[in-house]
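Heads up, the thing below is written out as structure tokens.
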There are 2 protein chains.
Amino acid sequence: MRARLLAADFPTVTLDTSVAEAARLLAEQDLPGLIVVDEQGLPLSVLSGTQVLWLAVPGYCRDDPALARVVDEPHADQFLRSLAGRTVREALPRESRELPVTDPDATVLELAALMARTRSPLVAVVEGGRLIGAVTLQALMDWAVSA
Amino acid sequence: MRARLLAADFPTVTLDTSVAEAARLLAEQDLPGLIVVDEQGLPLSVLSGTQVLWLAVPGYCRDDPALARVVDEPHADQFLRSLAGRTVREALPRESRELPVTDPDATVLELAALMARTRSPLVAVVEGGRLIGAVTLQALMDWAVSA
């Protein structure tokens with residue numbers, strides 16, 4: 001089995017997508033993460049669900065559990081609203097890191113190793129300068145346990 | 001909204017569960033991760049899906065993409081089988097790290113910050129020395145985008 005056959009269409013966002021919209025897409029389509037593409041449609045970044053949350057949570061609350069605790073319930077409930085017009089571009093982490101992107105010939109072992117190494121439940125599959133889809137951890141596991 | 005109301009029953013594994021069985025549970029029930037409990041049923045660890053993959057992929061393939069690539073397709077397809085009788089106890093990472101475990105009064109902001117910080121799409125909720133359930137990233141996002 002190769003990535004080509006496990007890959008499925010996957011929604012993408014751009015740097016100009018709002019973080020609120022990205023969060024909504026993730027929630028409504030039950031996605032394990034999001035693929036951020038450039039003007040050519042190629043992956044600039046692949047964000048896991050927890051990285052999308054990272055964009056959506058104020059820094060002081062991420063770093064200090066005691067500070068997150070003092071925010072009262074009505075304000076805590078609205079945490080996604082506080083993002084207002086913030087875009088993925090503004091929120092994207094700056095560190096360079098290995099992206100979970102591979103080619104269509106990757107085996108299930110390569111996909112599994114890439115997901116484990118990058119901690120991403122989602123791998124983008126690129127062929128000839130074009131995003132052809134994504135393999136999710138669920139699709140990979142479903143296939144691997146029945147192999 | 002508080003963790004108590006967002007928490008749902010969640011399957012658990014023990015240190016003696018085989019890694020193959022843990023992988024099967026994750027795949028068949030479409031889980032974002034697994035909760036490892038001790039004899040008293042309290043969380044010892046919370047593993048994201050990519051951490052379960054980490055347990056299931058041979059170390060040399062995780063660390064070196066070139067080595068994963070040389071494994072031929074028939075062998076790659078069977079990577080989960082190579083685990084045979086390995087248990088979660090043998091495969092569990094040894095490093096101590098913050099666990100995604102909270103109490104029933106945690107707000108959605110605290111849950112989101114905890115998921116972002118620990119990179120876990122799953123938080124175990126413990127009350128009075130008892131695991132009362134888990135909040136998934138999907139349940140949290142579903143609630144937060146409609147708040």
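For the structure tokens, the naming scheme is as follows: chains receive sequential letters (A, B, ...) according to their order of presentation, residues are indexed from 1 within each chain, and ligands are indexed from 1 in presentation order.
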
LSQ fit chain A -> chain B, C-alpha in sequence order, output as a short mmCIF file (atom, residue, chain, number, x, y, z; two decimals) with N, CA and C atoms, in the first residue's frame:
```cif
data_model
loop_
_atom_site.label_atom_id
_atom_site.label_comp_id
_atom_site.auth_asym_id
_atom_site.auth_seq_id
_atom_site.Cartn_x
_atom_site.Cartn_y
_atom_site.Cartn_z
N MET A 1 -19.32 26.89 30.40
CA MET A 1 -19.17 25.45 30.16
C MET A 1 -17.94 24.92 30.89
N ARG A 2 -18.13 23.75 31.45
CA ARG A 2 -17.05 23.14 32.24
C ARG A 2 -16.77 21.71 31.73
N ALA A 3 -15.57 21.22 32.08
CA ALA A 3 -15.15 19.88 31.64
C ALA A 3 -16.16 18.81 32.01
N ARG A 4 -16.79 18.97 33.19
CA ARG A 4 -17.76 17.98 33.66
C ARG A 4 -18.83 17.67 32.60
N LEU A 5 -19.30 18.74 31.92
CA LEU A 5 -20.40 18.56 30.98
C LEU A 5 -19.92 18.17 29.58
N LEU A 6 -18.66 18.46 29.28
CA LEU A 6 -18.12 18.10 27.96
C LEU A 6 -17.53 16.69 27.95
N ALA A 7 -17.26 16.16 29.16
CA ALA A 7 -16.60 14.85 29.24
C ALA A 7 -17.55 13.73 28.85
N ALA A 8 -17.04 12.76 28.12
CA ALA A 8 -17.82 11.59 27.74
C ALA A 8 -17.03 10.34 28.13
N ASP A 9 -17.74 9.23 28.26
CA ASP A 9 -17.05 7.95 28.52
C ASP A 9 -15.99 7.73 27.46
N PHE A 10 -14.88 7.13 27.89
CA PHE A 10 -13.79 6.94 26.95
C PHE A 10 -13.11 5.61 27.29
N PRO A 11 -12.82 4.79 26.26
CA PRO A 11 -12.19 3.50 26.55
C PRO A 11 -10.78 3.69 27.11
N THR A 12 -10.36 2.77 27.96
CA THR A 12 -9.02 2.84 28.56
C THR A 12 -8.23 1.57 28.22
N VAL A 13 -6.91 1.70 28.32
CA VAL A 13 -6.04 0.52 28.22
C VAL A 13 -5.19 0.48 29.48
N THR A 14 -4.51 -0.65 29.70
CA THR A 14 -3.61 -0.76 30.85
C THR A 14 -2.18 -0.98 30.34
N LEU A 15 -1.23 -1.02 31.27
CA LEU A 15 0.16 -1.26 30.89
C LEU A 15 0.33 -2.63 30.25
N ASP A 16 -0.59 -3.55 30.55
CA ASP A 16 -0.46 -4.91 30.02
C ASP A 16 -1.19 -5.11 28.69
N THR A 17 -1.90 -4.06 28.22
CA THR A 17 -2.53 -4.16 26.90
C THR A 17 -1.43 -4.24 25.85
N SER A 18 -1.61 -5.07 24.83
CA SER A 18 -0.60 -5.13 23.76
C SER A 18 -0.72 -3.88 22.89
N VAL A 19 0.41 -3.48 22.32
CA VAL A 19 0.41 -2.31 21.44
C VAL A 19 -0.50 -2.56 20.23
N ALA A 20 -0.50 -3.81 19.77
CA ALA A 20 -1.35 -4.15 18.62
C ALA A 20 -2.83 -3.95 18.98
N GLU A 21 -3.21 -4.36 20.18
CA GLU A 21 -4.59 -4.19 20.64
C GLU A 21 -4.93 -2.70 20.79
N ALA A 22 -3.98 -1.93 21.33
CA ALA A 22 -4.18 -0.49 21.48
C ALA A 22 -4.39 0.16 20.11
N ALA A 23 -3.60 -0.25 19.14
CA ALA A 23 -3.73 0.30 17.79
C ALA A 23 -5.10 -0.05 17.20
N ARG A 24 -5.53 -1.29 17.45
CA ARG A 24 -6.83 -1.73 16.92
C ARG A 24 -7.98 -0.92 17.55
N LEU A 25 -7.90 -0.72 18.85
CA LEU A 25 -8.92 0.06 19.56
C LEU A 25 -9.02 1.47 18.97
N LEU A 26 -7.85 2.09 18.78
CA LEU A 26 -7.78 3.44 18.22
C LEU A 26 -8.44 3.49 16.84
N ALA A 27 -8.11 2.50 16.02
CA ALA A 27 -8.62 2.48 14.64
C ALA A 27 -10.12 2.19 14.62
N GLU A 28 -10.53 1.15 15.35
CA GLU A 28 -11.91 0.70 15.23
C GLU A 28 -12.90 1.66 15.84
N GLN A 29 -12.48 2.36 16.91
CA GLN A 29 -13.40 3.28 17.56
C GLN A 29 -13.14 4.73 17.16
N ASP A 30 -12.25 4.92 16.18
CA ASP A 30 -12.01 6.28 15.66
C ASP A 30 -11.62 7.25 16.77
N LEU A 31 -10.70 6.82 17.64
CA LEU A 31 -10.34 7.63 18.80
C LEU A 31 -9.17 8.56 18.46
N PRO A 32 -9.13 9.76 19.08
CA PRO A 32 -8.00 10.66 18.87
C PRO A 32 -6.79 10.27 19.72
N GLY A 33 -6.96 9.31 20.63
CA GLY A 33 -5.86 8.89 21.50
C GLY A 33 -6.36 7.84 22.47
N LEU A 34 -5.53 7.52 23.44
CA LEU A 34 -5.90 6.48 24.42
C LEU A 34 -5.50 6.93 25.82
N ILE A 35 -6.28 6.50 26.81
CA ILE A 35 -5.95 6.74 28.21
C ILE A 35 -5.43 5.44 28.81
N VAL A 36 -4.21 5.51 29.36
CA VAL A 36 -3.62 4.35 30.02
C VAL A 36 -3.88 4.50 31.52
N VAL A 37 -4.56 3.50 32.11
CA VAL A 37 -4.91 3.60 33.54
C VAL A 37 -4.16 2.57 34.38
N ASP A 38 -4.03 2.86 35.68
CA ASP A 38 -3.40 1.92 36.61
C ASP A 38 -4.46 0.99 37.19
N GLU A 39 -4.07 0.18 38.18
CA GLU A 39 -4.98 -0.81 38.76
C GLU A 39 -6.21 -0.16 39.39
N GLN A 40 -6.04 1.10 39.84
CA GLN A 40 -7.17 1.81 40.45
C GLN A 40 -8.05 2.51 39.40
N GLY A 41 -7.64 2.41 38.14
CA GLY A 41 -8.41 3.06 37.08
C GLY A 41 -8.07 4.53 36.90
N LEU A 42 -6.97 4.97 37.50
CA LEU A 42 -6.55 6.37 37.34
C LEU A 42 -5.54 6.52 36.20
N PRO A 43 -5.58 7.66 35.49
CA PRO A 43 -4.69 7.83 34.33
C PRO A 43 -3.21 7.84 34.71
N LEU A 44 -2.46 6.94 34.11
CA LEU A 44 -1.00 6.93 34.22
C LEU A 44 -0.41 7.75 33.09
N SER A 45 -1.09 7.71 31.95
CA SER A 45 -0.62 8.43 30.77
C SER A 45 -1.81 8.65 29.84
N VAL A 46 -1.70 9.65 29.01
CA VAL A 46 -2.68 9.88 27.95
C VAL A 46 -1.89 9.97 26.67
N LEU A 47 -2.17 9.06 25.74
CA LEU A 47 -1.40 9.00 24.50
C LEU A 47 -2.23 9.54 23.35
N SER A 48 -1.69 10.49 22.60
CA SER A 48 -2.36 10.94 21.38
C SER A 48 -2.20 9.84 20.33
N GLY A 49 -2.98 9.94 19.27
CA GLY A 49 -2.88 8.96 18.18
C GLY A 49 -1.47 8.87 17.62
N THR A 50 -0.79 10.02 17.50
CA THR A 50 0.57 9.97 16.94
C THR A 50 1.55 9.34 17.93
N GLN A 51 1.26 9.41 19.23
CA GLN A 51 2.12 8.72 20.21
C GLN A 51 1.89 7.21 20.17
N VAL A 52 0.65 6.80 19.88
CA VAL A 52 0.41 5.36 19.70
C VAL A 52 1.19 4.88 18.48
N LEU A 53 1.21 5.68 17.42
CA LEU A 53 2.03 5.33 16.24
C LEU A 53 3.50 5.26 16.62
N TRP A 54 3.93 6.19 17.45
CA TRP A 54 5.32 6.22 17.91
C TRP A 54 5.70 4.88 18.55
N LEU A 55 4.75 4.31 19.33
CA LEU A 55 5.00 3.01 19.96
C LEU A 55 5.08 1.90 18.91
N ALA A 56 4.35 2.12 17.81
CA ALA A 56 4.15 1.04 16.85
C ALA A 56 5.17 1.03 15.71
N VAL A 57 5.99 2.07 15.61
CA VAL A 57 6.95 2.16 14.50
C VAL A 57 8.36 1.87 15.03
N PRO A 58 9.11 0.98 14.34
CA PRO A 58 10.47 0.70 14.80
C PRO A 58 11.29 1.99 14.88
N GLY A 59 12.10 2.10 15.93
CA GLY A 59 12.87 3.31 16.20
C GLY A 59 13.68 3.79 15.01
N TYR A 60 14.34 2.88 14.28
CA TYR A 60 15.21 3.32 13.19
C TYR A 60 14.41 3.98 12.06
N CYS A 61 13.14 3.61 11.94
CA CYS A 61 12.31 4.21 10.89
C CYS A 61 11.76 5.58 11.30
N ARG A 62 11.53 5.73 12.61
CA ARG A 62 11.04 7.03 13.09
C ARG A 62 12.10 8.09 12.89
N ASP A 63 13.35 7.72 13.19
CA ASP A 63 14.40 8.73 13.26
C ASP A 63 15.00 9.05 11.90
N ASP A 64 14.97 8.09 10.98
CA ASP A 64 15.67 8.28 9.71
C ASP A 64 14.75 7.95 8.53
N PRO A 65 14.24 8.99 7.86
CA PRO A 65 13.33 8.76 6.74
C PRO A 65 13.94 7.86 5.66
N ALA A 66 15.28 7.95 5.48
CA ALA A 66 15.93 7.14 4.44
C ALA A 66 15.84 5.65 4.77
N LEU A 67 15.92 5.31 6.06
CA LEU A 67 15.83 3.90 6.46
C LEU A 67 14.40 3.38 6.30
N ALA A 68 13.41 4.23 6.59
CA ALA A 68 12.02 3.80 6.40
C ALA A 68 11.76 3.54 4.92
N ARG A 69 12.44 4.31 4.07
CA ARG A 69 12.21 4.19 2.61
C ARG A 69 12.73 2.87 2.04
N VAL A 70 13.81 2.31 2.62
CA VAL A 70 14.38 1.08 2.04
C VAL A 70 13.61 -0.19 2.40
N VAL A 71 12.67 -0.09 3.36
CA VAL A 71 11.86 -1.27 3.69
C VAL A 71 10.87 -1.49 2.54
N ASP A 72 10.87 -2.71 1.96
CA ASP A 72 10.01 -2.91 0.78
C ASP A 72 8.53 -2.92 1.17
N GLU A 73 7.68 -2.75 0.15
CA GLU A 73 6.25 -2.55 0.41
C GLU A 73 5.61 -3.69 1.19
N PRO A 74 5.87 -4.98 0.83
CA PRO A 74 5.22 -6.05 1.61
C PRO A 74 5.58 -6.02 3.10
N HIS A 75 6.84 -5.71 3.40
CA HIS A 75 7.23 -5.64 4.82
C HIS A 75 6.65 -4.38 5.48
N ALA A 76 6.66 -3.27 4.76
CA ALA A 76 6.10 -2.03 5.30
C ALA A 76 4.62 -2.23 5.65
N ASP A 77 3.91 -2.95 4.78
CA ASP A 77 2.47 -3.17 5.00
C ASP A 77 2.20 -3.87 6.33
N GLN A 78 3.16 -4.66 6.78
CA GLN A 78 2.95 -5.48 7.98
C GLN A 78 3.52 -4.86 9.23
N PHE A 79 3.81 -3.54 9.19
CA PHE A 79 4.57 -2.98 10.31
C PHE A 79 3.91 -3.18 11.67
N LEU A 80 2.59 -3.19 11.71
CA LEU A 80 1.92 -3.38 13.01
C LEU A 80 2.14 -4.80 13.55
N ARG A 81 2.27 -5.78 12.66
CA ARG A 81 2.46 -7.18 13.08
C ARG A 81 3.79 -7.38 13.80
N SER A 82 4.78 -6.57 13.44
CA SER A 82 6.12 -6.77 14.00
C SER A 82 6.12 -6.53 15.50
N LEU A 83 5.05 -5.90 15.99
CA LEU A 83 4.96 -5.63 17.43
C LEU A 83 4.65 -6.88 18.23
N ALA A 84 3.99 -7.83 17.55
CA ALA A 84 3.60 -9.10 18.19
C ALA A 84 3.11 -8.87 19.61
N GLY A 85 3.81 -9.38 20.59
CA GLY A 85 3.29 -9.35 21.95
C GLY A 85 3.75 -8.17 22.77
N ARG A 86 4.32 -7.13 22.13
CA ARG A 86 4.81 -5.98 22.89
C ARG A 86 3.67 -5.28 23.61
N THR A 87 3.89 -4.91 24.86
CA THR A 87 2.82 -4.27 25.62
C THR A 87 3.04 -2.76 25.70
N VAL A 88 1.98 -2.07 26.10
CA VAL A 88 2.05 -0.63 26.31
C VAL A 88 3.16 -0.31 27.33
N ARG A 89 3.30 -1.16 28.37
CA ARG A 89 4.32 -0.96 29.39
C ARG A 89 5.72 -0.86 28.76
N GLU A 90 6.00 -1.76 27.82
CA GLU A 90 7.34 -1.79 27.21
C GLU A 90 7.56 -0.63 26.26
N ALA A 91 6.46 -0.12 25.73
CA ALA A 91 6.59 0.88 24.66
C ALA A 91 6.40 2.31 25.15
N LEU A 92 5.89 2.46 26.37
CA LEU A 92 5.57 3.80 26.87
C LEU A 92 6.82 4.68 26.97
N PRO A 93 6.73 5.94 26.50
CA PRO A 93 7.89 6.81 26.62
C PRO A 93 8.24 7.03 28.09
N ARG A 94 9.54 7.14 28.39
CA ARG A 94 9.96 7.23 29.79
C ARG A 94 10.00 8.66 30.32
N GLU A 95 10.06 9.61 29.41
CA GLU A 95 10.20 11.00 29.88
C GLU A 95 8.98 11.41 30.71
N SER A 96 9.23 12.22 31.74
CA SER A 96 8.10 12.73 32.49
C SER A 96 7.65 14.03 31.83
N ARG A 97 6.38 14.21 31.70
CA ARG A 97 5.87 15.38 31.02
C ARG A 97 4.50 15.70 31.62
N GLU A 98 4.04 16.92 31.38
CA GLU A 98 2.71 17.28 31.88
C GLU A 98 1.67 16.39 31.21
N LEU A 99 0.81 15.79 32.00
CA LEU A 99 -0.24 14.95 31.43
C LEU A 99 -1.49 15.80 31.17
N PRO A 100 -2.19 15.52 30.06
CA PRO A 100 -3.46 16.20 29.81
C PRO A 100 -4.56 15.62 30.68
N VAL A 101 -4.50 15.95 31.95
CA VAL A 101 -5.49 15.49 32.93
C VAL A 101 -5.98 16.72 33.68
N THR A 102 -7.29 16.83 33.90
CA THR A 102 -7.80 17.99 34.61
C THR A 102 -8.97 17.59 35.52
N ASP A 103 -9.55 18.59 36.18
CA ASP A 103 -10.68 18.32 37.06
C ASP A 103 -11.98 18.79 36.37
N PRO A 104 -13.12 18.40 36.92
CA PRO A 104 -14.41 18.66 36.25
C PRO A 104 -14.75 20.15 36.13
N ASP A 105 -14.09 21.00 36.94
CA ASP A 105 -14.41 22.43 36.90
C ASP A 105 -13.62 23.21 35.85
N ALA A 106 -12.71 22.57 35.14
CA ALA A 106 -11.92 23.27 34.13
C ALA A 106 -12.83 23.90 33.08
N THR A 107 -12.55 25.17 32.73
CA THR A 107 -13.34 25.85 31.69
C THR A 107 -12.86 25.40 30.30
N VAL A 108 -13.59 25.81 29.26
CA VAL A 108 -13.18 25.46 27.90
C VAL A 108 -11.83 26.11 27.56
N LEU A 109 -11.57 27.29 28.13
CA LEU A 109 -10.28 27.94 27.89
C LEU A 109 -9.15 27.12 28.52
N GLU A 110 -9.37 26.62 29.74
CA GLU A 110 -8.36 25.78 30.38
C GLU A 110 -8.14 24.48 29.60
N LEU A 111 -9.24 23.89 29.12
CA LEU A 111 -9.12 22.66 28.32
C LEU A 111 -8.33 22.92 27.04
N ALA A 112 -8.65 24.05 26.39
CA ALA A 112 -7.97 24.38 25.13
C ALA A 112 -6.49 24.63 25.37
N ALA A 113 -6.18 25.36 26.45
CA ALA A 113 -4.78 25.66 26.77
C ALA A 113 -4.01 24.38 27.09
N LEU A 114 -4.67 23.47 27.82
CA LEU A 114 -4.02 22.20 28.19
C LEU A 114 -3.75 21.35 26.94
N MET A 115 -4.74 21.28 26.05
CA MET A 115 -4.54 20.52 24.81
C MET A 115 -3.42 21.12 23.97
N ALA A 116 -3.40 22.47 23.89
CA ALA A 116 -2.36 23.14 23.09
C ALA A 116 -0.98 22.89 23.69
N ARG A 117 -0.88 22.99 25.01
CA ARG A 117 0.41 22.88 25.69
C ARG A 117 0.96 21.45 25.64
N THR A 118 0.08 20.47 25.82
CA THR A 118 0.54 19.08 25.86
C THR A 118 0.42 18.42 24.47
N ARG A 119 -0.08 19.17 23.49
CA ARG A 119 -0.27 18.65 22.13
C ARG A 119 -1.12 17.39 22.15
N SER A 120 -2.11 17.34 23.03
CA SER A 120 -2.97 16.16 23.13
C SER A 120 -4.39 16.50 22.70
N PRO A 121 -4.95 15.76 21.74
CA PRO A 121 -6.33 16.01 21.30
C PRO A 121 -7.34 15.38 22.25
N LEU A 122 -6.93 15.13 23.47
CA LEU A 122 -7.71 14.35 24.42
C LEU A 122 -7.28 14.76 25.82
N VAL A 123 -8.26 15.08 26.70
CA VAL A 123 -7.95 15.41 28.09
C VAL A 123 -8.77 14.48 29.00
N ALA A 124 -8.10 13.82 29.93
CA ALA A 124 -8.80 12.97 30.89
C ALA A 124 -9.31 13.84 32.03
N VAL A 125 -10.54 13.55 32.50
CA VAL A 125 -11.14 14.33 33.59
C VAL A 125 -11.26 13.43 34.82
N VAL A 126 -10.62 13.87 35.90
CA VAL A 126 -10.55 13.07 37.12
C VAL A 126 -11.21 13.84 38.27
N GLU A 127 -12.04 13.13 39.02
CA GLU A 127 -12.69 13.76 40.19
C GLU A 127 -12.65 12.79 41.36
N GLY A 128 -12.15 13.27 42.50
CA GLY A 128 -12.13 12.45 43.70
C GLY A 128 -11.44 11.11 43.49
N GLY A 129 -10.32 11.13 42.77
CA GLY A 129 -9.58 9.89 42.57
C GLY A 129 -10.23 8.91 41.61
N ARG A 130 -11.12 9.44 40.75
CA ARG A 130 -11.82 8.56 39.80
C ARG A 130 -11.84 9.23 38.42
N LEU A 131 -11.57 8.42 37.39
CA LEU A 131 -11.65 8.92 36.01
C LEU A 131 -13.13 9.01 35.63
N ILE A 132 -13.61 10.23 35.35
CA ILE A 132 -15.04 10.32 35.03
C ILE A 132 -15.31 10.43 33.54
N GLY A 133 -14.25 10.55 32.72
CA GLY A 133 -14.44 10.61 31.27
C GLY A 133 -13.33 11.41 30.62
N ALA A 134 -13.54 11.76 29.37
CA ALA A 134 -12.52 12.51 28.64
C ALA A 134 -13.19 13.55 27.75
N VAL A 135 -12.49 14.65 27.53
CA VAL A 135 -12.95 15.66 26.57
C VAL A 135 -12.04 15.58 25.35
N THR A 136 -12.63 15.40 24.18
CA THR A 136 -11.83 15.37 22.96
C THR A 136 -11.76 16.76 22.34
N LEU A 137 -10.72 16.96 21.54
CA LEU A 137 -10.57 18.23 20.83
C LEU A 137 -11.81 18.50 19.97
N GLN A 138 -12.36 17.45 19.35
CA GLN A 138 -13.54 17.65 18.52
C GLN A 138 -14.73 18.14 19.36
N ALA A 139 -14.95 17.52 20.53
CA ALA A 139 -16.07 17.93 21.38
C ALA A 139 -15.88 19.39 21.82
N LEU A 140 -14.63 19.72 22.16
CA LEU A 140 -14.34 21.09 22.60
C LEU A 140 -14.57 22.09 21.47
N MET A 141 -14.05 21.78 20.27
CA MET A 141 -14.19 22.70 19.14
C MET A 141 -15.65 22.83 18.72
N ASP A 142 -16.36 21.71 18.70
CA ASP A 142 -17.78 21.74 18.33
C ASP A 142 -18.52 22.72 19.24
N TRP A 143 -18.21 22.63 20.54
CA TRP A 143 -18.88 23.50 21.48
C TRP A 143 -18.42 24.95 21.30
N ALA A 144 -17.12 25.15 21.17
CA ALA A 144 -16.57 26.51 21.15
C ALA A 144 -16.99 27.29 19.90
N VAL A 145 -17.08 26.64 18.75
CA VAL A 145 -17.44 27.41 17.55
C VAL A 145 -18.91 27.82 17.57
N SER A 146 -19.73 27.10 18.36
CA SER A 146 -21.14 27.47 18.41
C SER A 146 -21.47 28.32 19.64
N ALA A 147 -20.45 28.64 20.45
CA ALA A 147 -20.68 29.40 21.69
C ALA A 147 -21.00 30.87 21.37
#
```

Residue list (helix (DSSP H, G or I), DSSP) for chain A, as a ChimeraX atom specification: /A:3-6,19-28,49-56,59-63,65-70,73-77,81-83,88-91,108-118,137-145

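Among the residues of chain A, backbone DSSP assigns strand (DSSP E) to A:Thr12, A:Val13, A:Gly33, A:Leu34, A:Ile35, A:Val36, A:Val37, A:Pro43, A:Leu44, A:Ser45, A:Val46, A:Leu47, A:Ser48, A:Val101, A:Thr102, A:Leu122, A:Val123, A:Ala124, A:Val125, A:Val126, A:Glu127, A:Arg130, A:Leu131, A:Ile132, A:Gly133, A:Ala134, A:Val135, A:Thr136.
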